[in-house]
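Containing mmCIF, C-alpha atoms: model_3.cif.
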```cif
data_target
#
loop_
_atom_site.group_PDB
_atom_site.id
_atom_site.type_symbol
_atom_site.label_atom_id
_atom_site.label_comp_id
_atom_site.auth_asym_id
_atom_site.auth_seq_id
_atom_site.Cartn_x
_atom_site.Cartn_y
_atom_site.Cartn_z
ATOM 1 C CA MET V 1 0.000 0.000 0.000
ATOM 2 C CA LYS V 2 2.842 2.347 0.895
ATOM 3 C CA LYS V 3 4.521 1.647 -2.445
ATOM 4 C CA VAL V 4 1.331 2.495 -4.310
ATOM 5 C CA PHE V 5 0.942 5.715 -2.323
ATOM 6 C CA LEU V 6 4.566 6.729 -2.957
ATOM 7 C CA ALA V 7 4.161 5.974 -6.654
ATOM 8 C CA LEU V 8 1.085 8.207 -6.804
ATOM 9 C CA VAL V 9 2.898 11.005 -4.969
ATOM 10 C CA LEU V 10 5.852 10.712 -7.338
ATOM 11 C CA ALA V 11 3.583 10.737 -10.383
ATOM 12 C CA PHE V 12 1.795 13.829 -9.072
ATOM 13 C CA ALA V 13 5.096 15.588 -8.366
ATOM 14 C CA LEU V 14 6.431 14.846 -11.845
ATOM 15 C CA THR V 15 3.219 16.145 -13.399
ATOM 16 C CA PHE V 16 3.179 19.248 -11.209
ATOM 17 C CA PHE V 17 6.786 20.197 -11.910
ATOM 18 C CA ALA V 18 6.780 19.193 -15.584
ATOM 19 C CA PHE V 19 7.166 21.984 -18.116
ATOM 20 C CA GLN V 20 3.846 23.476 -19.111
ATOM 21 C CA PRO V 21 3.514 24.768 -22.702
ATOM 22 C CA ILE V 22 3.744 28.557 -22.988
ATOM 23 C CA THR V 23 2.029 30.659 -25.643
ATOM 24 C CA LEU V 24 3.438 34.123 -26.337
ATOM 25 C CA VAL V 25 2.850 36.821 -28.945
ATOM 26 C CA ASP V 26 5.980 38.400 -30.421
ATOM 27 C CA ASP V 27 6.385 41.961 -31.695
ATOM 28 C CA LEU V 28 5.148 40.990 -35.148
ATOM 29 C CA GLY V 29 1.899 39.768 -33.618
ATOM 30 C CA ARG V 30 2.786 36.123 -34.270
ATOM 31 C CA VAL V 31 1.626 33.490 -31.807
ATOM 32 C CA VAL V 32 4.575 31.331 -30.759
ATOM 33 C CA VAL V 33 4.125 28.198 -28.653
ATOM 34 C CA PHE V 34 6.945 26.883 -26.478
ATOM 35 C CA ASP V 35 6.223 23.225 -25.819
ATOM 36 C CA LYS V 36 9.473 22.512 -24.009
ATOM 37 C CA GLU V 37 11.945 24.357 -21.827
ATOM 38 C CA VAL V 38 14.289 26.600 -23.797
ATOM 39 C CA GLU V 39 17.877 25.462 -23.288
ATOM 40 C CA ARG V 40 19.606 26.480 -26.534
ATOM 41 C CA ILE V 41 19.253 30.010 -27.907
ATOM 42 C CA VAL V 42 20.704 31.744 -30.935
ATOM 43 C CA VAL V 43 20.609 35.533 -30.630
ATOM 44 C CA ALA V 44 20.535 37.249 -34.015
ATOM 45 C CA ALA V 45 20.154 40.773 -32.577
ATOM 46 C CA PRO V 46 22.948 41.958 -30.216
ATOM 47 C CA ALA V 47 20.729 44.222 -28.093
ATOM 48 C CA ILE V 48 18.763 41.171 -26.942
ATOM 49 C CA SER V 49 21.959 39.611 -25.582
ATOM 50 C CA ASP V 50 22.289 42.469 -23.108
ATOM 51 C CA PHE V 51 18.985 41.521 -21.472
ATOM 52 C CA ILE V 52 19.875 37.825 -21.453
ATOM 53 C CA VAL V 53 23.132 38.557 -19.630
ATOM 54 C CA LYS V 54 21.359 40.827 -17.145
ATOM 55 C CA LEU V 55 18.859 38.045 -16.398
ATOM 56 C CA GLY V 56 21.641 35.551 -15.715
ATOM 57 C CA ALA V 57 20.856 33.216 -18.605
ATOM 58 C CA LYS V 58 23.992 33.600 -20.707
ATOM 59 C CA ASP V 59 24.633 29.859 -20.373
ATOM 60 C CA LYS V 60 21.594 29.152 -22.581
ATOM 61 C CA VAL V 61 23.064 31.034 -25.557
ATOM 62 C CA VAL V 62 24.819 28.852 -28.139
ATOM 63 C CA GLY V 63 25.279 31.372 -30.950
ATOM 64 C CA VAL V 64 25.473 35.124 -31.611
ATOM 65 C CA THR V 65 26.288 37.395 -34.548
ATOM 66 C CA ASP V 66 29.743 38.816 -35.218
ATOM 67 C CA PHE V 67 28.490 42.180 -33.939
ATOM 68 C CA ASP V 68 27.588 40.953 -30.459
ATOM 69 C CA SER V 69 29.729 42.534 -27.733
ATOM 70 C CA TYR V 70 27.645 41.269 -24.805
ATOM 71 C CA ILE V 71 28.299 37.553 -25.331
ATOM 72 C CA THR V 72 31.622 36.724 -26.955
ATOM 73 C CA ASP V 73 32.504 33.188 -25.863
ATOM 74 C CA VAL V 74 30.022 31.197 -27.970
ATOM 75 C CA GLU V 75 29.760 30.225 -31.642
ATOM 76 C CA LYS V 76 29.565 33.084 -34.134
ATOM 77 C CA ILE V 77 26.860 32.894 -36.794
ATOM 78 C CA GLY V 78 28.157 35.751 -38.957
ATOM 79 C CA ASN V 79 26.124 38.742 -40.121
ATOM 80 C CA MET V 80 22.781 39.958 -38.843
ATOM 81 C CA ILE V 81 21.536 39.805 -42.431
ATOM 82 C CA PRO V 82 21.512 37.605 -44.347
ATOM 83 C CA LEU V 83 21.696 35.070 -41.548
ATOM 84 C CA ASN V 84 23.883 32.022 -41.973
ATOM 85 C CA VAL V 85 21.006 29.552 -41.832
ATOM 86 C CA GLU V 86 23.253 26.516 -42.256
ATOM 87 C CA LYS V 87 25.347 27.550 -39.251
ATOM 88 C CA ILE V 88 22.263 28.239 -37.141
ATOM 89 C CA VAL V 89 20.731 24.856 -38.000
ATOM 90 C CA SER V 90 23.992 23.148 -36.980
ATOM 91 C CA LEU V 91 23.677 24.683 -33.498
ATOM 92 C CA ASN V 92 20.290 22.986 -33.011
ATOM 93 C CA PRO V 93 18.649 25.929 -31.189
ATOM 94 C CA ASP V 94 15.317 25.736 -29.391
ATOM 95 C CA ILE V 95 14.685 29.340 -30.434
ATOM 96 C CA VAL V 96 16.260 32.077 -32.539
ATOM 97 C CA LEU V 97 15.668 35.595 -31.238
ATOM 98 C CA LEU V 98 15.524 38.270 -33.937
ATOM 99 C CA THR V 99 14.652 41.918 -34.310
ATOM 100 C CA GLY V 100 12.026 43.287 -36.678
ATOM 101 C CA GLY V 101 12.425 45.307 -39.846
ATOM 102 C CA PHE V 102 15.403 44.144 -41.875
ATOM 103 C CA GLN V 103 15.468 40.688 -40.239
ATOM 104 C CA GLU V 104 11.829 39.805 -40.877
ATOM 105 C CA GLY V 105 12.700 38.170 -44.182
ATOM 106 C CA GLU V 106 14.944 35.705 -42.349
ATOM 107 C CA ILE V 107 12.051 34.122 -40.455
ATOM 108 C CA SER V 108 10.748 31.994 -43.322
ATOM 109 C CA LYS V 109 14.276 30.808 -44.160
ATOM 110 C CA LEU V 110 14.728 29.478 -40.636
ATOM 111 C CA GLU V 111 11.260 28.008 -40.306
ATOM 112 C CA LYS V 112 11.820 25.935 -43.460
ATOM 113 C CA PHE V 113 14.224 23.939 -41.312
ATOM 114 C CA GLY V 114 11.843 23.730 -38.375
ATOM 115 C CA ILE V 115 13.677 26.425 -36.408
ATOM 116 C CA LYS V 116 11.382 28.318 -34.036
ATOM 117 C CA THR V 117 11.771 32.103 -34.137
ATOM 118 C CA PHE V 118 10.663 34.952 -31.895
ATOM 119 C CA VAL V 119 10.850 38.623 -32.877
ATOM 120 C CA LEU V 120 11.566 41.381 -30.363
ATOM 121 C CA ASN V 121 11.315 44.837 -31.897
ATOM 122 C CA ALA V 122 10.613 47.433 -29.212
ATOM 123 C CA THR V 123 10.285 51.020 -30.412
ATOM 124 C CA THR V 124 9.143 52.683 -27.175
ATOM 125 C CA LEU V 125 10.221 52.339 -23.557
ATOM 126 C CA ASN V 126 6.986 50.586 -22.624
ATOM 127 C CA GLU V 127 7.530 48.105 -25.444
ATOM 128 C CA MET V 128 11.111 47.582 -24.278
ATOM 129 C CA PHE V 129 9.901 46.724 -20.776
ATOM 130 C CA ARG V 130 7.334 44.374 -22.306
ATOM 131 C CA ASP V 131 10.036 42.666 -24.359
ATOM 132 C CA LEU V 132 12.166 42.291 -21.246
ATOM 133 C CA SER V 133 9.261 40.483 -19.596
ATOM 134 C CA LEU V 134 8.812 38.272 -22.663
ATOM 135 C CA ILE V 135 12.487 37.330 -22.611
ATOM 136 C CA GLY V 136 12.106 36.495 -18.934
ATOM 137 C CA VAL V 137 9.221 34.130 -19.674
ATOM 138 C CA ILE V 138 11.136 32.452 -22.511
ATOM 139 C CA LEU V 139 14.163 31.946 -20.269
ATOM 140 C CA GLY V 140 12.160 30.822 -17.254
ATOM 141 C CA LYS V 141 13.277 33.984 -15.455
ATOM 142 C CA ASP V 142 9.886 35.681 -15.098
ATOM 143 C CA ARG V 143 10.403 37.076 -11.602
ATOM 144 C CA THR V 144 13.952 38.230 -12.312
ATOM 145 C CA ALA V 145 12.795 40.038 -15.458
ATOM 146 C CA GLN V 146 9.940 41.757 -13.636
ATOM 147 C CA ASP V 147 12.252 42.926 -10.859
ATOM 148 C CA TYR V 148 14.822 44.198 -13.350
ATOM 149 C CA ALA V 149 12.159 46.040 -15.376
ATOM 150 C CA GLN V 150 10.879 47.663 -12.197
ATOM 151 C CA LYS V 151 14.384 48.846 -11.292
ATOM 152 C CA LEU V 152 14.893 50.265 -14.779
ATOM 153 C CA ARG V 153 11.584 52.133 -14.637
ATOM 154 C CA ALA V 154 12.472 53.601 -11.242
ATOM 155 C CA ARG V 155 15.896 54.653 -12.495
ATOM 156 C CA VAL V 156 14.452 56.374 -15.570
ATOM 157 C CA LEU V 157 11.862 58.221 -13.485
ATOM 158 C CA ASN V 158 14.491 59.330 -10.980
ATOM 159 C CA ILE V 159 16.659 60.737 -13.774
ATOM 160 C CA ALA V 160 13.633 62.482 -15.289
ATOM 161 C CA LYS V 161 12.782 64.134 -11.958
ATOM 162 C CA ASN V 162 16.271 65.618 -11.755
ATOM 163 C CA SER V 163 16.437 66.843 -15.357
ATOM 164 C CA PHE V 164 12.919 68.318 -15.265
ATOM 165 C CA THR V 165 14.178 71.289 -13.240
ATOM 166 C CA TRP V 166 16.902 72.259 -15.710
ATOM 167 C CA ASN V 167 16.474 75.721 -17.214
ATOM 168 C CA GLU V 168 18.545 74.875 -20.266
ATOM 169 C CA LYS V 169 18.574 71.556 -22.051
ATOM 170 C CA PRO V 170 21.489 70.376 -24.226
ATOM 171 C CA ARG V 171 20.912 69.539 -27.880
ATOM 172 C CA VAL V 172 21.742 65.894 -28.490
ATOM 173 C CA ILE V 173 22.149 63.630 -31.485
ATOM 174 C CA TYR V 174 22.551 59.879 -31.069
ATOM 175 C CA LEU V 175 24.546 58.033 -33.719
ATOM 176 C CA SER V 176 25.292 54.329 -33.928
ATOM 177 C CA ALA V 177 27.167 52.298 -36.517
ATOM 178 C CA TYR V 178 27.485 48.579 -37.147
ATOM 179 C CA GLY V 179 30.684 47.701 -38.937
ATOM 180 C CA SER V 180 31.352 50.990 -40.729
ATOM 181 C CA VAL V 181 30.350 54.647 -40.827
ATOM 182 C CA SER V 182 28.311 53.967 -43.969
ATOM 183 C CA GLN V 183 25.959 51.881 -41.803
ATOM 184 C CA MET V 184 25.414 54.674 -39.296
ATOM 185 C CA TRP V 185 21.910 55.376 -38.048
ATOM 186 C CA THR V 186 20.167 57.580 -35.511
ATOM 187 C CA CYS V 187 16.879 57.626 -33.611
ATOM 188 C CA GLY V 188 13.871 59.883 -34.003
ATOM 189 C CA THR V 189 10.584 60.773 -32.353
ATOM 190 C CA GLY V 190 8.815 57.736 -30.935
ATOM 191 C CA ALA V 191 11.967 55.655 -30.495
ATOM 192 C CA TYR V 192 12.836 54.506 -26.988
ATOM 193 C CA LEU V 193 16.348 55.946 -27.344
ATOM 194 C CA ASN V 194 14.790 59.321 -28.086
ATOM 195 C CA GLU V 195 12.601 58.906 -24.999
ATOM 196 C CA LEU V 196 15.657 58.135 -22.869
ATOM 197 C CA ILE V 197 17.460 61.228 -24.140
ATOM 198 C CA ALA V 198 14.402 63.343 -23.328
ATOM 199 C CA TYR V 199 14.128 61.861 -19.826
ATOM 200 C CA ALA V 200 17.826 62.561 -19.310
ATOM 201 C CA GLY V 201 17.277 66.223 -20.137
ATOM 202 C CA GLY V 202 18.224 66.309 -23.817
#
```
Can the structure from this file be put into structure tokens for me?
Amino acid sequence: MKKVFLALVLAFALTFFAFQPITLVDDLGRVVVFDKEVERIVVAAPAISDFIVKLGAKDKVVGVTDFDSYITDVEKIGNMIPLNVEKIVSLNPDIVLLTGGFQEGEISKLEKFGIKTFVLNATTLNEMFRDLSLIGVILGKDRTAQDYAQKLRARVLNIAKNSFTWNEKPRVIYLSAYGSVSQMWTCGTGAYLNELIAYAGG
């Protein structure tokens, strides 16, 4: 009788702690179902790596682009576009994290090989915090992501309170380049970087 009881308890425990499928909506509005725990990630957009490191899940990353400065000790997959699909497939990822816009065309190439993709393409601060939460869910770091997002919000608001009293505000231009000056870009109204500059007093 005891053996039967213990077997039932064990079966219940295994069921209770087993991974439950997760359904999320990415920034393209696509419904993505995670039917197993994510253990192997390829990050095709460097900015996403920053969040992954902050959430303490760097060990799940198996591949990044040549432009990634946040995670440097894993396999390199080459350019952000076009993606080296053959290399990515060889890494056997559970998920490939991409950004929107110029990488959207890469989704179908990956999915032809059964590679699951998830697009994170925040344009505002609120969307960035949402994406941080989504990454947390994907990584199984929900609570950590929520706490980190809360700290970031508080930090931004604190900076804004200080800069609000300034009589004069500096004029600022933000420039970023990937690879060469010819690939330089900036941010405009509505972008979260523009919001951050405004909160900081620019």
Explicit residues for the PyMOL selection byres ((chain V and resi 172) around 12) (as a PDB file with C-alpha atoms, in the coordinates of the input):
```pdb
ATOM      1  CA  LYS V 169      18.574  71.556 -22.051  1.00  0.00           C
ATOM      2  CA  PRO V 170      21.489  70.376 -24.226  1.00  0.00           C
ATOM      3  CA  ARG V 171      20.912  69.539 -27.880  1.00  0.00           C
ATOM      4  CA  ILE V 173      22.149  63.630 -31.485  1.00  0.00           C
ATOM      5  CA  TYR V 174      22.551  59.879 -31.069  1.00  0.00           C
ATOM      6  CA  LEU V 175      24.546  58.033 -33.719  1.00  0.00           C
ATOM      7  CA  THR V 186      20.167  57.580 -35.511  1.00  0.00           C
ATOM      8  CA  CYS V 187      16.879  57.626 -33.611  1.00  0.00           C
ATOM      9  CA  GLY V 188      13.871  59.883 -34.003  1.00  0.00           C
ATOM     10  CA  LEU V 193      16.348  55.946 -27.344  1.00  0.00           C
ATOM     11  CA  ASN V 194      14.790  59.321 -28.086  1.00  0.00           C
ATOM     12  CA  LEU V 196      15.657  58.135 -22.869  1.00  0.00           C
ATOM     13  CA  ILE V 197      17.460  61.228 -24.140  1.00  0.00           C
ATOM     14  CA  ALA V 198      14.402  63.343 -23.328  1.00  0.00           C
ATOM     15  CA  ALA V 200      17.826  62.561 -19.310  1.00  0.00           C
ATOM     16  CA  GLY V 201      17.277  66.223 -20.137  1.00  0.00           C
ATOM     17  CA  GLY V 202      18.224  66.309 -23.817  1.00  0.00           C
TER      18      GLY V 202
END
```
Ground truth for the PyMOL selection byres ((chain V and resi 132-147) around 10), written as JSON, numbers by chain: {"V": [22, 23, 24, 25, 26, 34, 37, 38, 39, 40, 41, 48, 51, 52, 54, 55, 56, 57, 58, 60, 95, 97, 118, 120, 122, 126, 127, 128, 129, 130, 131, 148, 149, 150, 151, 152, 153]}
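Checking V:Ile71, V:Ile159, V:Val96, V:Leu28 one by one against Val42 (chain V), counting all atoms listed in the file, you find the shortest gap at V:Val96.
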Rank V:Leu98, V:Val61, V:Ala47, V:Val89 by their smallest atom-to-atom distance to Asp27 (chain V), using all atoms listed in the file, and report the top residue only. V:Leu98
Find the spatial neighbours of region 106-114 of chain V, counting only C-alpha atoms, within a cut-off of 12 Å - ignore same-chain residues fewer than 5 positions away - and output them as a ChimeraX atom specification. /V:28,30,42,44,79-90,92-101,119
Across V:Gln20, V:Thr165, V:Leu91, V:Ala154, the smallest distance to Ile115 (chain V), with all atoms listed in the file counted, is shown by V:Leu91
Mind giving me the straight-line distance from CA of Tyr199 (chain V) to CA of Phe67 (chain V) in Å, one decimal? 28.2 Å
What is the CA of Gln103 (chain V)-CA of Trp185 (chain V) distance in Å, reported with one decimal? 16.2 Å
From V:Ser176, V:Thr65, V:Val43, V:Lys76, residue lying nearest Thr117 (chain V) [only C-alpha atoms]: V:Val43
Length of the CA of Val33 (chain V) to CA of Pro21 (chain V) vector [Å]: 6.9 Å
